[in-house]
$ cat input.pdb   # PDB, C-alpha atoms, pLDDT in the B column
ATOM      1  CA  MET A  31      22.189  23.500   6.757  1.00 43.00           C
ATOM      2  CA  LYS A  32      20.697  21.099   4.224  1.00 43.00           C
ATOM      3  CA  SER A  33      19.951  22.536   0.767  1.00 42.00           C
ATOM      4  CA  ALA A  34      16.304  22.764  -0.261  1.00 43.00           C
ATOM      5  CA  ARG A  35      17.139  20.697  -3.331  1.00 42.00           C
ATOM      6  CA  GLY A  36      17.294  17.639  -1.077  1.00 39.00           C
ATOM      7  CA  PHE A  37      13.509  17.703  -0.713  1.00 38.00           C
ATOM      8  CA  GLY A  38      12.728  16.364  -4.200  1.00 40.00           C
ATOM      9  CA  ASN A  39      12.620  17.428  -7.807  1.00 39.00           C
ATOM     10  CA  ALA A  40       9.273  19.222  -7.729  1.00 39.00           C
ATOM     11  CA  CYS A  41      10.795  22.692  -7.416  1.00 41.00           C
ATOM     12  CA  SER A  42      11.559  24.687 -10.533  1.00 45.00           C
ATOM     13  CA  ILE A  43      14.847  26.468 -11.122  1.00 48.00           C
ATOM     14  CA  ARG A  44      13.173  29.724 -10.083  1.00 43.00           C
ATOM     15  CA  GLN A  45      12.010  28.138  -6.836  1.00 51.00           C
ATOM     16  CA  HIS A  46      15.532  26.840  -6.164  1.00 50.00           C
ATOM     17  CA  ALA A  47      16.886  30.365  -6.524  1.00 52.00           C
ATOM     18  CA  VAL A  48      14.347  31.704  -4.015  1.00 51.00           C
ATOM     19  CA  VAL A  49      15.002  28.903  -1.540  1.00 55.00           C
ATOM     20  CA  ASP A  50      18.768  29.331  -1.866  1.00 58.00           C
ATOM     21  CA  GLY A  51      18.257  33.052  -1.267  1.00 58.00           C
ATOM     22  CA  VAL A  52      16.252  32.302   1.874  1.00 53.00           C
ATOM     23  CA  ILE A  53      19.062  30.094   3.161  1.00 61.00           C
ATOM     24  CA  GLU A  54      21.594  32.866   2.589  1.00 61.00           C
ATOM     25  CA  VAL A  55      19.322  35.397   4.344  1.00 53.00           C
ATOM     26  CA  MET A  56      18.862  32.991   7.272  1.00 54.00           C
ATOM     27  CA  LYS A  57      22.572  33.153   7.863  1.00 59.00           C
ATOM     28  CA  SER A  58      22.590  36.938   8.174  1.00 58.00           C
ATOM     29  CA  THR A  59      19.164  38.329   9.202  1.00 57.00           C
ATOM     30  CA  ASN A  60      16.478  38.204  11.825  1.00 64.00           C
ATOM     31  CA  LEU A  61      13.426  35.966  12.181  1.00 65.00           C
ATOM     32  CA  SER A  62      10.850  38.415  10.745  1.00 67.00           C
ATOM     33  CA  THR A  63      12.742  38.691   7.476  1.00 66.00           C
ATOM     34  CA  LEU A  64      12.979  34.919   7.353  1.00 60.00           C
ATOM     35  CA  CYS A  65       9.202  34.602   7.842  1.00 67.00           C
ATOM     36  CA  VAL A  66       8.480  37.030   4.999  1.00 67.00           C
ATOM     37  CA  LEU A  67      10.834  35.250   2.625  1.00 63.00           C
ATOM     38  CA  THR A  68       9.522  31.810   3.576  1.00 67.00           C
ATOM     39  CA  THR A  69       5.945  32.958   2.950  1.00 68.00           C
ATOM     40  CA  ALA A  70       6.962  34.315  -0.453  1.00 62.00           C
ATOM     41  CA  CYS A  71       8.627  31.021  -1.313  1.00 58.00           C
ATOM     42  CA  TRP A  72       5.550  28.967  -0.350  1.00 57.00           C
ATOM     43  CA  PHE A  73       3.281  31.323  -2.283  1.00 56.00           C
ATOM     44  CA  MET A  74       5.400  30.985  -5.406  1.00 57.00           C
ATOM     45  CA  ALA A  75       5.492  27.183  -5.090  1.00 56.00           C
ATOM     46  CA  PHE A  76       1.699  27.063  -4.660  1.00 50.00           C
ATOM     47  CA  THR A  77       0.925  29.311  -7.648  1.00 46.00           C
ATOM     48  CA  THR A  78       3.398  27.438  -9.871  1.00 44.00           C
ATOM     49  CA  SER A  79       1.734  24.176  -8.871  1.00 44.00           C
ATOM     50  CA  LEU A  80      -1.716  25.518  -9.758  1.00 42.00           C
ATOM     51  CA  ALA A  81      -0.575  26.626 -13.210  1.00 47.00           C
ATOM     52  CA  SER A  82       1.046  23.244 -13.787  1.00 50.00           C
ATOM     53  CA  ASN A  83      -2.105  21.369 -12.713  1.00 64.00           C
ATOM     54  CA  GLU A  84      -4.304  23.502 -14.978  1.00 65.00           C
ATOM     55  CA  ARG A  85      -1.963  22.821 -17.899  1.00 67.00           C
ATOM     56  CA  ASN A  86      -2.030  19.104 -17.174  1.00 90.00           C
ATOM     57  CA  LEU A  87      -5.836  19.030 -17.142  1.00 92.00           C
ATOM     58  CA  VAL A  88      -6.026  20.955 -20.405  1.00 93.00           C
ATOM     59  CA  ARG A  89      -3.538  18.557 -21.964  1.00 94.00           C
ATOM     60  CA  GLY A  90      -5.393  15.604 -20.417  1.00 95.00           C
ATOM     61  CA  LYS A  91      -8.686  16.776 -21.939  1.00 96.00           C
ATOM     62  CA  THR A  92      -7.089  17.228 -25.347  1.00 96.00           C
ATOM     63  CA  LEU A  93      -5.647  13.705 -25.240  1.00 97.00           C
ATOM     64  CA  TYR A  94      -8.862  12.229 -23.829  1.00 97.00           C
ATOM     65  CA  ASP A  95     -10.883  13.822 -26.631  1.00 97.00           C
ATOM     66  CA  LYS A  96      -8.464  12.430 -29.217  1.00 97.00           C
ATOM     67  CA  TYR A  97      -7.944   8.899 -27.895  1.00 96.00           C
ATOM     68  CA  CYS A  98     -10.638   8.020 -25.330  1.00 96.00           C
ATOM     69  CA  LEU A  99     -13.841   9.881 -26.190  1.00 96.00           C
ATOM     70  CA  ALA A 100     -15.053   7.473 -28.877  1.00 96.00           C
ATOM     71  CA  CYS A 101     -15.185   4.573 -26.418  1.00 95.00           C
ATOM     72  CA  HIS A 102     -15.587   6.112 -22.950  1.00 96.00           C
ATOM     73  CA  GLY A 103     -17.891   8.979 -23.986  1.00 96.00           C
ATOM     74  CA  PRO A 104     -17.865  12.679 -23.139  1.00 96.00           C
ATOM     75  CA  GLN A 105     -18.252  12.132 -19.381  1.00 96.00           C
ATOM     76  CA  GLY A 106     -16.378   8.835 -19.118  1.00 96.00           C
ATOM     77  CA  ARG A 107     -19.484   6.703 -18.598  1.00 95.00           C
ATOM     78  CA  GLY A 108     -18.610   4.146 -21.283  1.00 94.00           C
ATOM     79  CA  ASP A 109     -21.312   5.497 -23.592  1.00 94.00           C
ATOM     80  CA  GLY A 110     -19.132   6.568 -26.497  1.00 94.00           C
ATOM     81  CA  THR A 111     -20.062   6.109 -30.132  1.00 94.00           C
ATOM     82  CA  THR A 112     -18.025   2.883 -30.354  1.00 92.00           C
ATOM     83  CA  GLN A 113     -19.494  -0.006 -28.359  1.00 90.00           C
ATOM     84  CA  PHE A 114     -17.780  -3.277 -27.396  1.00 92.00           C
ATOM     85  CA  ASP A 115     -18.537  -6.608 -25.759  1.00 91.00           C
ATOM     86  CA  PRO A 116     -17.605  -6.653 -22.923  1.00 92.00           C
ATOM     87  CA  PRO A 117     -18.665  -3.030 -22.490  1.00 94.00           C
ATOM     88  CA  VAL A 118     -16.151  -0.240 -22.034  1.00 94.00           C
ATOM     89  CA  ALA A 119     -15.426   0.750 -18.431  1.00 94.00           C
ATOM     90  CA  ASP A 120     -17.526   3.483 -16.856  1.00 96.00           C
ATOM     91  CA  LEU A 121     -14.807   5.741 -15.481  1.00 95.00           C
ATOM     92  CA  THR A 122     -17.279   7.284 -13.013  1.00 95.00           C
ATOM     93  CA  SER A 123     -18.294   3.969 -11.428  1.00 94.00           C
ATOM     94  CA  SER A 124     -17.417   3.154  -7.838  1.00 93.00           C
ATOM     95  CA  ASP A 125     -15.519   0.062  -9.049  1.00 93.00           C
ATOM     96  CA  VAL A 126     -13.142   2.197 -11.123  1.00 92.00           C
ATOM     97  CA  LEU A 127     -12.856   5.004  -8.568  1.00 91.00           C
ATOM     98  CA  ALA A 128     -11.993   2.529  -5.796  1.00 93.00           C
ATOM     99  CA  LYS A 129      -8.865   1.420  -7.669  1.00 93.00           C
ATOM    100  CA  PRO A 130      -5.605   3.134  -6.797  1.00 93.00           C
ATOM    101  CA  ASP A 131      -4.187   5.535  -9.379  1.00 92.00           C
ATOM    102  CA  SER A 132      -1.285   3.146  -9.959  1.00 93.00           C
ATOM    103  CA  ARG A 133      -3.717   0.434 -11.127  1.00 95.00           C
ATOM    104  CA  LEU A 134      -5.568   2.851 -13.406  1.00 94.00           C
ATOM    105  CA  LEU A 135      -2.285   4.095 -14.879  1.00 94.00           C
ATOM    106  CA  LYS A 136      -1.250   0.493 -15.538  1.00 95.00           C
ATOM    107  CA  SER A 137      -4.567  -0.204 -17.274  1.00 95.00           C
ATOM    108  CA  ILE A 138      -3.982   2.708 -19.630  1.00 96.00           C
ATOM    109  CA  HIS A 139      -0.304   1.896 -20.114  1.00 95.00           C
ATOM    110  CA  GLU A 140      -0.620  -1.873 -20.590  1.00 97.00           C
ATOM    111  CA  GLY A 141      -4.250  -2.249 -21.670  1.00 96.00           C
ATOM    112  CA  ARG A 142      -6.744  -4.728 -20.233  1.00 94.00           C
ATOM    113  CA  PRO A 143      -6.731  -8.379 -21.315  1.00 93.00           C
ATOM    114  CA  ASN A 144      -9.882  -9.761 -22.951  1.00 92.00           C
ATOM    115  CA  THR A 145     -11.290  -6.277 -23.481  1.00 93.00           C
ATOM    116  CA  ALA A 146     -11.105  -3.616 -26.179  1.00 92.00           C
ATOM    117  CA  MET A 147      -8.800  -1.526 -23.955  1.00 94.00           C
ATOM    118  CA  ASP A 148      -5.545  -1.328 -25.876  1.00 93.00           C
ATOM    119  CA  ALA A 149      -2.141  -0.542 -24.408  1.00 96.00           C
ATOM    120  CA  TRP A 150      -1.344   3.137 -24.925  1.00 96.00           C
ATOM    121  CA  LYS A 151       2.336   2.937 -23.955  1.00 95.00           C
ATOM    122  CA  SER A 152       3.445   3.116 -27.586  1.00 96.00           C
ATOM    123  CA  LYS A 153       1.327   6.198 -28.388  1.00 96.00           C
ATOM    124  CA  LEU A 154       1.415   8.199 -25.140  1.00 96.00           C
ATOM    125  CA  SER A 155       4.266   9.122 -22.820  1.00 95.00           C
ATOM    126  CA  ASP A 156       3.985   8.325 -19.117  1.00 93.00           C
ATOM    127  CA  GLU A 157       3.370  12.029 -18.450  1.00 93.00           C
ATOM    128  CA  ALA A 158       0.599  12.124 -21.056  1.00 95.00           C
ATOM    129  CA  ILE A 159      -1.025   9.049 -19.513  1.00 95.00           C
ATOM    130  CA  ARG A 160      -0.943  10.759 -16.082  1.00 93.00           C
ATOM    131  CA  ASP A 161      -2.556  13.854 -17.623  1.00 94.00           C
ATOM    132  CA  VAL A 162      -5.335  11.777 -19.221  1.00 95.00           C
ATOM    133  CA  LEU A 163      -6.006  10.022 -15.921  1.00 93.00           C
ATOM    134  CA  ALA A 164      -6.033  13.334 -14.015  1.00 92.00           C
ATOM    135  CA  TYR A 165      -8.619  14.647 -16.472  1.00 93.00           C
ATOM    136  CA  ALA A 166     -10.713  11.452 -16.403  1.00 94.00           C
ATOM    137  CA  LEU A 167     -10.851  11.555 -12.602  1.00 91.00           C
ATOM    138  CA  THR A 168     -12.559  14.969 -12.808  1.00 92.00           C
ATOM    139  CA  PHE A 169     -15.680  13.238 -14.180  1.00 90.00           C
ATOM    140  CA  SER A 170     -16.596  11.838 -10.775  1.00 81.00           C
ATOM    141  CA  ARG A 171     -16.712  15.315  -9.207  1.00 65.00           C
TER     142      ARG A 171
END
$ encode --input "input.pdb" --output "structure tokens"
Amino acid sequence: MKSARGFGNACSIRQHAVVDGVIEVMKSTNLSTLCVLTTACWFMAFTTSLASNERNLVRGKTLYDKYCLACHGPQGRGDGTTQFDPPVADLTSSDVLAKPDSRLLKSIHEGRPNTAMDAWKSKLSDEAIRDVLAYALTFSR
């Protein structure tokens, strides 16, 4: 039987232990026990994911407030205290929201030519940039 670790790196060490335990139980018990253990494993993965997402949004907000707020404004509409020509992007506009996340991440990472949008790759890690984007995308909700 294939190890659960083959399904990607998203699982934590604790989740690996549970999944490995389920595999061992599968070898020696009945289907009802397997169902209970599988449900427990999925529940733990789901709750861990929620906590991680909440942490990422909190971190994203903190970074947004520090680095983006002055230009993009409190709700990402480009109405910050610092104004530029051409104007700063409205992060809630349909033009921005229609772009794939990969394009938005690149804009933050590399900056935008002929605009005031600097490259943030030297100040923010890739994970931090993903957190900022995750937070900024909450504005459109």
$ resolve_selection --input "input.pdb" --expression "the PyMOL selection byres ((chain A and resi 142-148) around 8)" --output "PyMOL selection string"
chain A and resi 114-116+118+137-138+140-141+149-150
$ residues_around --input "input.pdb" --residues "Ala164 (chain A)" --least-positions-apart "3" --cutoff "7 Å" --atoms "only C-alpha atoms" --output "list of chain:residue names"
A:Leu87, A:Gly90, A:Arg160, A:Asp161, A:Leu167, A:Thr168
$ axis_aligned_box --input "input.pdb" --around "region 126-137 of chain A" --padding-each-side "6 Å" --output "AutoDock Vina command-line options"
--center_x -7.2 --center_y 2.7 --center_z -11.5 --size_x 23.9 --size_y 17.7 --size_z 23.5
$ residues_near_point --input "input.pdb" --point "(-12.0, 3.9, -17.1)" --cutoff "12 Å" --atoms "only C-alpha atoms" --output "short mmCIF file (atom, residue, chain, number, x, y, z; two decimals) with C-alpha atoms, keeping the file's coordinate frame"
data_model
loop_
_atom_site.label_atom_id
_atom_site.label_comp_id
_atom_site.auth_asym_id
_atom_site.auth_seq_id
_atom_site.Cartn_x
_atom_site.Cartn_y
_atom_site.Cartn_z
CA TYR A 94 -8.86 12.23 -23.83
CA CYS A 98 -10.64 8.02 -25.33
CA LEU A 99 -13.84 9.88 -26.19
CA CYS A 101 -15.18 4.57 -26.42
CA HIS A 102 -15.59 6.11 -22.95
CA GLY A 103 -17.89 8.98 -23.99
CA GLN A 105 -18.25 12.13 -19.38
CA GLY A 106 -16.38 8.84 -19.12
CA ARG A 107 -19.48 6.70 -18.60
CA GLY A 108 -18.61 4.15 -21.28
CA ASP A 109 -21.31 5.50 -23.59
CA PRO A 117 -18.66 -3.03 -22.49
CA VAL A 118 -16.15 -0.24 -22.03
CA ALA A 119 -15.43 0.75 -18.43
CA ASP A 120 -17.53 3.48 -16.86
CA LEU A 121 -14.81 5.74 -15.48
CA THR A 122 -17.28 7.28 -13.01
CA SER A 123 -18.29 3.97 -11.43
CA SER A 124 -17.42 3.15 -7.84
CA ASP A 125 -15.52 0.06 -9.05
CA VAL A 126 -13.14 2.20 -11.12
CA LEU A 127 -12.86 5.00 -8.57
CA ALA A 128 -11.99 2.53 -5.80
CA LYS A 129 -8.86 1.42 -7.67
CA ASP A 131 -4.19 5.54 -9.38
CA ARG A 133 -3.72 0.43 -11.13
CA LEU A 134 -5.57 2.85 -13.41
CA LEU A 135 -2.28 4.10 -14.88
CA LYS A 136 -1.25 0.49 -15.54
CA SER A 137 -4.57 -0.20 -17.27
CA ILE A 138 -3.98 2.71 -19.63
CA GLY A 141 -4.25 -2.25 -21.67
CA ARG A 142 -6.74 -4.73 -20.23
CA ALA A 146 -11.10 -3.62 -26.18
CA MET A 147 -8.80 -1.53 -23.96
CA VAL A 162 -5.34 11.78 -19.22
CA LEU A 163 -6.01 10.02 -15.92
CA ALA A 164 -6.03 13.33 -14.02
CA TYR A 165 -8.62 14.65 -16.47
CA ALA A 166 -10.71 11.45 -16.40
CA LEU A 167 -10.85 11.56 -12.60
CA THR A 168 -12.56 14.97 -12.81
CA PHE A 169 -15.68 13.24 -14.18
CA SER A 170 -16.60 11.84 -10.78
#
$ atom_distance --input "input.pdb" --atom1 "CA of Pro130 (chain A)" --atom2 "CA of Lys151 (chain A)"
18.9 Å
$ atom_distance --input "input.pdb" --atom1 "CA of Gly110 (chain A)" --atom2 "CA of Ser155 (chain A)"
23.8 Å
$ atom_distance --input "input.pdb" --atom1 "CA of Asn86 (chain A)" --atom2 "CA of Leu154 (chain A)"
13.9 Å
$ closest_residue --input "input.pdb" --among "A:Val88, A:Ser132, A:Asp95, A:His139" --to "Lys153 (chain A)" --atoms "only C-alpha atoms"
A:His139
$ build_atoms --input "input.pdb" --residues "region 81-107 of chain A" --atoms "N, CA and C atoms" --output "PDB file, keeping the file's coordinate frame"
ATOM      1  N   ALA A  81      -0.711  26.449 -11.767  1.00 47.00           N
ATOM      2  CA  ALA A  81      -0.575  26.626 -13.210  1.00 47.00           C
ATOM      3  C   ALA A  81      -0.220  25.305 -13.873  1.00 47.00           C
ATOM      4  N   SER A  82       0.649  24.530 -13.254  1.00 50.00           N
ATOM      5  CA  SER A  82       1.046  23.244 -13.787  1.00 50.00           C
ATOM      6  C   SER A  82      -0.146  22.292 -13.829  1.00 50.00           C
ATOM      7  N   ASN A  83      -0.934  22.247 -12.749  1.00 64.00           N
ATOM      8  CA  ASN A  83      -2.105  21.369 -12.713  1.00 64.00           C
ATOM      9  C   ASN A  83      -3.126  21.757 -13.766  1.00 64.00           C
ATOM     10  N   GLU A  84      -3.358  23.063 -13.957  1.00 65.00           N
ATOM     11  CA  GLU A  84      -4.304  23.502 -14.978  1.00 65.00           C
ATOM     12  C   GLU A  84      -3.826  23.069 -16.361  1.00 65.00           C
ATOM     13  N   ARG A  85      -2.521  23.219 -16.614  1.00 67.00           N
ATOM     14  CA  ARG A  85      -1.963  22.821 -17.899  1.00 67.00           C
ATOM     15  C   ARG A  85      -2.140  21.324 -18.101  1.00 67.00           C
ATOM     16  N   ASN A  86      -1.903  20.546 -17.066  1.00 90.00           N
ATOM     17  CA  ASN A  86      -2.030  19.104 -17.174  1.00 90.00           C
ATOM     18  C   ASN A  86      -3.465  18.690 -17.471  1.00 90.00           C
ATOM     19  N   LEU A  87      -4.440  19.357 -16.871  1.00 92.00           N
ATOM     20  CA  LEU A  87      -5.836  19.030 -17.142  1.00 92.00           C
ATOM     21  C   LEU A  87      -6.232  19.418 -18.551  1.00 92.00           C
ATOM     22  N   VAL A  88      -5.737  20.552 -19.026  1.00 93.00           N
ATOM     23  CA  VAL A  88      -6.026  20.955 -20.405  1.00 93.00           C
ATOM     24  C   VAL A  88      -5.428  19.940 -21.369  1.00 93.00           C
ATOM     25  N   ARG A  89      -4.182  19.560 -21.118  1.00 94.00           N
ATOM     26  CA  ARG A  89      -3.538  18.557 -21.964  1.00 94.00           C
ATOM     27  C   ARG A  89      -4.271  17.226 -21.851  1.00 94.00           C
ATOM     28  N   GLY A  90      -4.660  16.849 -20.620  1.00 95.00           N
ATOM     29  CA  GLY A  90      -5.393  15.604 -20.417  1.00 95.00           C
ATOM     30  C   GLY A  90      -6.705  15.579 -21.187  1.00 95.00           C
ATOM     31  N   LYS A  91      -7.421  16.697 -21.188  1.00 96.00           N
ATOM     32  CA  LYS A  91      -8.686  16.776 -21.939  1.00 96.00           C
ATOM     33  C   LYS A  91      -8.441  16.635 -23.435  1.00 96.00           C
ATOM     34  N   THR A  92      -7.414  17.312 -23.922  1.00 96.00           N
ATOM     35  CA  THR A  92      -7.089  17.228 -25.347  1.00 96.00           C
ATOM     36  C   THR A  92      -6.788  15.783 -25.745  1.00 96.00           C
ATOM     37  N   LEU A  93      -5.990  15.102 -24.946  1.00 97.00           N
ATOM     38  CA  LEU A  93      -5.647  13.705 -25.240  1.00 97.00           C
ATOM     39  C   LEU A  93      -6.854  12.790 -25.074  1.00 97.00           C
ATOM     40  N   TYR A  94      -7.658  13.032 -24.040  1.00 97.00           N
ATOM     41  CA  TYR A  94      -8.862  12.229 -23.829  1.00 97.00           C
ATOM     42  C   TYR A  94      -9.783  12.364 -25.034  1.00 97.00           C
ATOM     43  N   ASP A  95     -10.001  13.595 -25.476  1.00 97.00           N
ATOM     44  CA  ASP A  95     -10.883  13.822 -26.631  1.00 97.00           C
ATOM     45  C   ASP A  95     -10.365  13.106 -27.876  1.00 97.00           C
ATOM     46  N   LYS A  96      -9.059  13.055 -28.031  1.00 97.00           N
ATOM     47  CA  LYS A  96      -8.464  12.430 -29.217  1.00 97.00           C
ATOM     48  C   LYS A  96      -8.479  10.906 -29.145  1.00 97.00           C
ATOM     49  N   TYR A  97      -8.144  10.345 -27.986  1.00 96.00           N
ATOM     50  CA  TYR A  97      -7.944   8.899 -27.895  1.00 96.00           C
ATOM     51  C   TYR A  97      -9.014   8.123 -27.131  1.00 96.00           C
ATOM     52  N   CYS A  98      -9.757   8.755 -26.247  1.00 96.00           N
ATOM     53  CA  CYS A  98     -10.638   8.020 -25.330  1.00 96.00           C
ATOM     54  C   CYS A  98     -12.124   8.274 -25.555  1.00 96.00           C
ATOM     55  N   LEU A  99     -12.452   9.434 -26.068  1.00 96.00           N
ATOM     56  CA  LEU A  99     -13.841   9.881 -26.190  1.00 96.00           C
ATOM     57  C   LEU A  99     -14.724   8.895 -26.950  1.00 96.00           C
ATOM     58  N   ALA A 100     -14.230   8.356 -28.045  1.00 96.00           N
ATOM     59  CA  ALA A 100     -15.053   7.473 -28.877  1.00 96.00           C
ATOM     60  C   ALA A 100     -15.565   6.263 -28.103  1.00 96.00           C
ATOM     61  N   CYS A 101     -14.773   5.754 -27.186  1.00 95.00           N
ATOM     62  CA  CYS A 101     -15.185   4.573 -26.418  1.00 95.00           C
ATOM     63  C   CYS A 101     -15.804   4.935 -25.067  1.00 95.00           C
ATOM     64  N   HIS A 102     -15.147   5.811 -24.312  1.00 96.00           N
ATOM     65  CA  HIS A 102     -15.587   6.112 -22.950  1.00 96.00           C
ATOM     66  C   HIS A 102     -16.649   7.194 -22.878  1.00 96.00           C
ATOM     67  N   GLY A 103     -16.852   7.958 -23.955  1.00 96.00           N
ATOM     68  CA  GLY A 103     -17.891   8.979 -23.986  1.00 96.00           C
ATOM     69  C   GLY A 103     -17.436  10.292 -23.380  1.00 96.00           C
ATOM     70  N   PRO A 104     -18.259  11.334 -23.562  1.00 96.00           N
ATOM     71  CA  PRO A 104     -17.865  12.679 -23.139  1.00 96.00           C
ATOM     72  C   PRO A 104     -17.702  12.850 -21.627  1.00 96.00           C
ATOM     73  N   GLN A 105     -18.376  12.049 -20.835  1.00 96.00           N
ATOM     74  CA  GLN A 105     -18.252  12.132 -19.381  1.00 96.00           C
ATOM     75  C   GLN A 105     -17.655  10.872 -18.771  1.00 96.00           C
ATOM     76  N   GLY A 106     -17.068  10.021 -19.608  1.00 96.00           N
ATOM     77  CA  GLY A 106     -16.378   8.835 -19.118  1.00 96.00           C
ATOM     78  C   GLY A 106     -17.277   7.700 -18.670  1.00 96.00           C
ATOM     79  N   ARG A 107     -18.527   7.706 -19.074  1.00 95.00           N
ATOM     80  CA  ARG A 107     -19.484   6.703 -18.598  1.00 95.00           C
ATOM     81  C   ARG A 107     -19.521   5.429 -19.444  1.00 95.00           C
TER      82      ARG A 107
END
